[in-house]
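Take a look at the structure below.
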Amino acid sequence: MAKKRIVSTTINGRQVELLCEPRQTLLEVLRDTLDLTGTKEGCSNGNCGACTVLMNGRPVVSCLVLAVEAEGATLETIEGVAPVDGLDPVQQAFLENAALQCGICTPGFIMSTKALLNENPDPTEHDVRFYLSGNLCRCTGYDKIVRAVLDSAQKRKKAVAAK
Amino acid sequence: MRDFEYEAPASIAEAVQVLGRHNGAARPLAGGTDLIDQIRVGRHQPGVVVDIKKIPELNVLELSAAGLRLGAAVPCYKVYGDPKISAAYAALADSAQIIGGIQIQSRASIGGNLCNSGPAADSTPSLIALEAIAVIAGPAGKREVAVENFCTGPGKNVLQPGEFLVELKFPARPPHSGSHYRRFIPRNEMDIAVVGVGASVVLDEKGEKFVSARIGLGAVGPIPYFVQEAGQRLAGQPVSEATIEKAAQAARDMARPIDDMRGTKEFRLHVTGVLTRRVIEEAVKRARQ
Ligand SMILES: Cc1cc2nc3c(=O)[nH]c(=O)nc-3n(C[C@H](O)[C@H](O)[C@H](O)COP(=O)(O)OP(=O)(O)OC[C@H]3O[C@@H](n4cnc5c(N)ncnc54)[C@H](O)[C@@H]3O)c2cc1C
Ligand code: FES
Ligand code: FES
């Protein structure tokens with residue numbers, strides 16, 4: 001068997017050293033080694049987006065990243081989204097707009113939304129639908145998710161203005 | 001997933017050594033959006049995965065008077081994220097923007113798309129249209145292959161054991177040129193092409209005549225095709241429905257589609273003609289801008 005590797009990364013602002021085999025995906029290590037089970041496994045082949053995390057600020061599907069590739073990277077997962085005293089505006093908007101039913105797709109949608117709003121703080125409905133095409137939801141029919149994302153953008157603008 | 005070793009060489013020389021040492025049992029890893037699932041399902045069983053993303057030459061993205069250099073590991077989002085490259089090499093940006101969703105584009109490279117050598121790969125027809133040259137490194141040094149000669153069959157290409165793709169080189173775009181890539185899919189995003197067409201045209205100063213044109217076709221044969229005949233039918237001819245239709249006919253004549261769940265042979269042939277016409281028209285429009 002291949003030797004285990006030590007990988008140093010920053011996850012949600014904390015320096016983390018982890019031990020993994022080359023064949024382990026980032027998704028596997030997040031969930032099984034680090035107990036960060038907020039990141040979900042849907043298809044494990046890159047199609048559903050449930051496992052979306054941000055790697056060096058970019059959204060990636062963690063089922064198609066080897067954990068060893070995370071050496072030196074900065075990762076953000078759903079566990080790092082909420083501030084200590086409540087919810088992130090994106091989370092708040094998903095709640096208020098009833099943008100989830102079973103919820104397995106939600107962490108992935110929220111991470112993709114964070115990435116979208118970082119790149120484009122004022123997206124159109126078309127921008128939202130295009131950007132989120134790599135995230136699948138089998139419950140909501142997408143409309144409420146799209147509305148929640150548009151609402152998130154408004155909430156974020158207000159939060160930024162209030163600061 | 002099956003067990004394998006992981007190496008991340010920092011230079012071309014080191015990568016050649018690592019790949020050579022394992023004599024065909026090592027596989028390059030770029031964005032991993034094809035490879036990781038292929039290992040998971042057992043289609044590839046490498047003993048060593050060689051991460052080539054840390055090699056500086058594979059991350060080059062450079063537009064100059066000489067043309068465009070695109071390192072083999074540069075992810076799609078960087079290609080379409082550069083406004084100058086998107087304007088000059090529009091077909092390439094069109095392709096980069098429709099490979100998977102945003103998460104895939106964060107990692108997937110054009111080099112990986114070419115080296116995976118799928119018949120329906122969305123970048124290859126654009127690479128053919130834009131006259132890309134594949135720069136390959138291996139135990140015997142570097143060599144160059146025109147991209148239309150790169151794929152040899154579904155999942156197969158000219159790379160020999162120990163060789164890997166370093167970069168794609170594109171000639172500079174002449175004035176009054178335009179290019180476009182479009183595919184036909186039943187969905188709006190995230191699907192595999194039923195037919196894909198890439199076209200590049202150069203017009204005369206007035207924008208009324210074709211000086212030259214190159215058409216690449218995907219998903220209608222075991223490899224992507226360079227439809228040389230289409231370019232020959234357009235060169236020197238006025239920009240008109242009739243001449244464009246002749247080029248579309250050349251594309252239909254070259255297509256060798258199969259029946260599968262995405263479409264019948266007849267349907268694909270029909271779409272090849274329609275799409276070729278539309279893609280040339282859009283390339284003309286861009287050339288006139
Ligand atoms: C959800 C999803 C959607 C997708 N949608 C599309 C789509 O719409 N259109 C499309 O065309 N493709 C699509 N793909 C396939 C894939 O994303 C692309 O083919 C991508 O461009 C591959 O690039 P990569 O950098 O990830 O390659 P990798 O997976 O790293 O490599 C692909 C293959 O090429 C080899 N390789 C990579 N780089 C080199 C090199 N420099 N030298 C030699 N060999 C090399 C690898 O060993 C491997 O065999 C999709 C994949 C997923 C998971
Ligand atoms: S689990 Fe990664 S994309 Fe579905
Ligand atoms: S809420 Fe169930 S999959 Fe989206």
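Labels for the structure tokens follow display order: chains A, B, ..., residues from 1 in each chain, ligands from 1.
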Quiz item: So which residues touch Thr140 in chain A within 12 Å, counting only C-alpha atoms, skipping near sequence neighbours fewer than 3 positions away, as a PyMOL selection string?
Solution: chain A and resi 94+97-106+136-137+143-148
Could you please tell me, as a PDB file with C-alpha atoms, in the first residue's frame, which residues of chain B have an atom within 9 Å of chain A when using only C-alpha atoms?
ATOM      1  CA  MET B   1     -10.503   3.911  -4.652  1.00  0.00           C
ATOM      2  CA  ARG B   2      -7.703   1.661  -5.873  1.00  0.00           C
ATOM      3  CA  ASP B   3      -4.311   2.245  -4.299  1.00  0.00           C
ATOM      4  CA  PHE B   4      -1.688   4.362  -6.082  1.00  0.00           C
ATOM      5  CA  GLU B   5       1.375   6.472  -5.352  1.00  0.00           C
ATOM      6  CA  TYR B   6       1.392  10.229  -5.853  1.00  0.00           C
ATOM      7  CA  GLY B  31      -7.457  18.956 -12.998  1.00  0.00           C
ATOM      8  CA  GLY B  32      -8.482  15.366 -12.294  1.00  0.00           C
ATOM      9  CA  THR B  33     -12.031  15.913 -13.524  1.00  0.00           C
ATOM     10  CA  ASP B  34     -11.727  12.952 -15.890  1.00  0.00           C
ATOM     11  CA  LEU B  35      -8.921  10.991 -14.284  1.00  0.00           C
ATOM     12  CA  ILE B  36     -10.100  10.670 -10.687  1.00  0.00           C
ATOM     13  CA  ASP B  37     -13.433   9.147 -11.623  1.00  0.00           C
ATOM     14  CA  ARG B  40     -12.478   5.150  -9.169  1.00  0.00           C
ATOM     15  CA  VAL B  49      -0.449   9.493 -10.365  1.00  0.00           C
ATOM     16  CA  ASP B  51       0.508  15.712 -10.563  1.00  0.00           C
ATOM     17  CA  GLY B 100     -18.948  21.146 -17.001  1.00  0.00           C
ATOM     18  CA  GLY B 101     -20.209  23.638 -14.430  1.00  0.00           C
ATOM     19  CA  ILE B 102     -18.256  26.247 -12.491  1.00  0.00           C
ATOM     20  CA  GLN B 103     -16.736  23.701 -10.085  1.00  0.00           C
ATOM     21  CA  ILE B 104     -15.404  21.636 -12.994  1.00  0.00           C
ATOM     22  CA  GLN B 105     -14.055  24.768 -14.710  1.00  0.00           C
ATOM     23  CA  SER B 106     -12.109  25.661 -11.554  1.00  0.00           C
ATOM     24  CA  ARG B 107      -9.964  22.572 -12.145  1.00  0.00           C
ATOM     25  CA  ASN B 188     -28.865  24.100 -21.395  1.00  0.00           C
ATOM     26  CA  GLU B 189     -25.698  23.209 -19.458  1.00  0.00           C
ATOM     27  CA  MET B 190     -23.804  20.227 -18.084  1.00  0.00           C
TER      28      MET B 190
END
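For the residues A:Leu36, A:Lys114, A:Gly72, A:Val149, ranking by smallest atom-to-atom distance to His126 in chain A using only C-alpha atoms places A:Val149 first.
Between Gly20 in chain B and the candidates B:Val48, B:Val41, B:Ala73, B:Ala66, the tightest atom-to-atom separation, counting only C-alpha atoms, involves B:Val48.
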Quiz item: Excluding same-chain residues fewer than 6 positions from range 222-231 of chain B, what lies within 9 Å of it counting only C-alpha atoms, as a ChimeraX atom specification?
Solution: /B:117-121,124-125,128-129,148-149,151-156,201,212-216,244,246-251,254-257
Quiz item: Quick one, how far is CA of Pro107 in chain A from atom 33 (C, counted along the ligand's line) of ligand 1?
Solution: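 About the pair CA of Pro107 in chain A and atom 33 (C, counted along the ligand's line) of ligand 1: they are 29.0 Å apart.
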Practice problem: Check range 190-242 of chain B with DSSP on the backbone and list each residue it calls alpha helix (DSSP H), as a list in words. | Solution: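 Those in range 190-242 of chain B that DSSP calls alpha helix (DSSP H) are Gln228, Glu229, Ala230, Gly231, Gln232, Arg233, Leu234, Glu241 and Ala242 of chain B.
Atom to atom, atom 24 (P, counted along the ligand's line) of ligand 1 and CA of Thr74 in chain A stand 20.7 Å apart.
The residue that comes closest to ligand 3, out of A:Val90, A:Ala162, A:Ala73, A:Ala50 and on the basis of only C-alpha atoms and all ligand atoms, is A:Ala50.
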Quiz item: CA of Phe184 in chain B and CA of Asp253 in chain B, how far apart in Å?
Solution: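 Atom-to-atom, CA of Asp253 in chain B to CA of Phe184 in chain B, that is 18.4 Å.
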Exercise. Identify, with DSSP run on backbone atoms, the residues in chain A assigned to strand (DSSP E or B), and express the list as a ChimeraX atom specification.
Key: /A:5-11,14-20,25,52-55,58-61,66,74-76
Which residues, written as a compact mmCIF listing (two decimals) with C-alpha atoms, in the first residue's frame, have at least one atom at most 9 Å from range 79-96 of chain B, with only C-alpha atoms counted and residues fewer than 2 positions away on the same chain left out?
# COMPACT_ATOMS: atom_id res chain seq x y z
CA LEU B 61 -1.01 31.66 -20.11
CA GLU B 62 0.56 34.26 -22.35
CA LEU B 63 -0.85 36.36 -25.13
CA LEU B 68 -1.09 32.43 -27.47
CA LEU B 70 -1.65 27.89 -23.08
CA VAL B 74 -4.24 25.91 -16.95
CA PRO B 75 -7.85 25.57 -15.70
CA CYS B 76 -10.73 26.66 -17.93
CA TYR B 77 -11.83 29.59 -15.75
CA ILE B 98 -19.19 25.06 -21.41
CA ILE B 99 -16.97 22.29 -20.06
CA GLY B 100 -18.95 21.15 -17.00
CA GLN B 105 -14.05 24.77 -14.71
CA ALA B 108 -10.47 21.16 -15.65
CA SER B 109 -7.76 22.06 -18.16
CA ILE B 110 -7.92 22.31 -21.94
CA ASP B 122 -15.65 20.30 -26.24
CA SER B 123 -12.29 22.00 -26.71
CA THR B 124 -10.76 19.93 -29.49
CA PRO B 125 -12.84 21.32 -32.41
CA SER B 126 -11.87 24.83 -31.25
CA LEU B 127 -8.21 23.86 -31.00
CA ALA B 129 -10.15 25.65 -35.83
CA LEU B 130 -7.57 27.89 -34.13
CA ALA B 172 -1.43 35.08 -33.76
CA ARG B 173 -4.88 36.00 -35.01
CA SER B 177 -10.74 37.11 -38.07
CA GLY B 178 -13.38 35.57 -35.84
CA SER B 179 -14.09 32.20 -34.28
CA HIS B 180 -16.84 30.34 -32.47
CA TYR B 181 -17.64 26.97 -30.88
CA ARG B 182 -21.09 25.65 -30.25
CA GLY B 198 -15.61 24.93 -33.97
CA ALA B 199 -14.94 27.43 -36.75
CA SER B 200 -12.41 30.14 -37.41
CA ALA B 283 -17.58 33.51 -36.62
CA ARG B 286 -17.34 38.31 -34.85
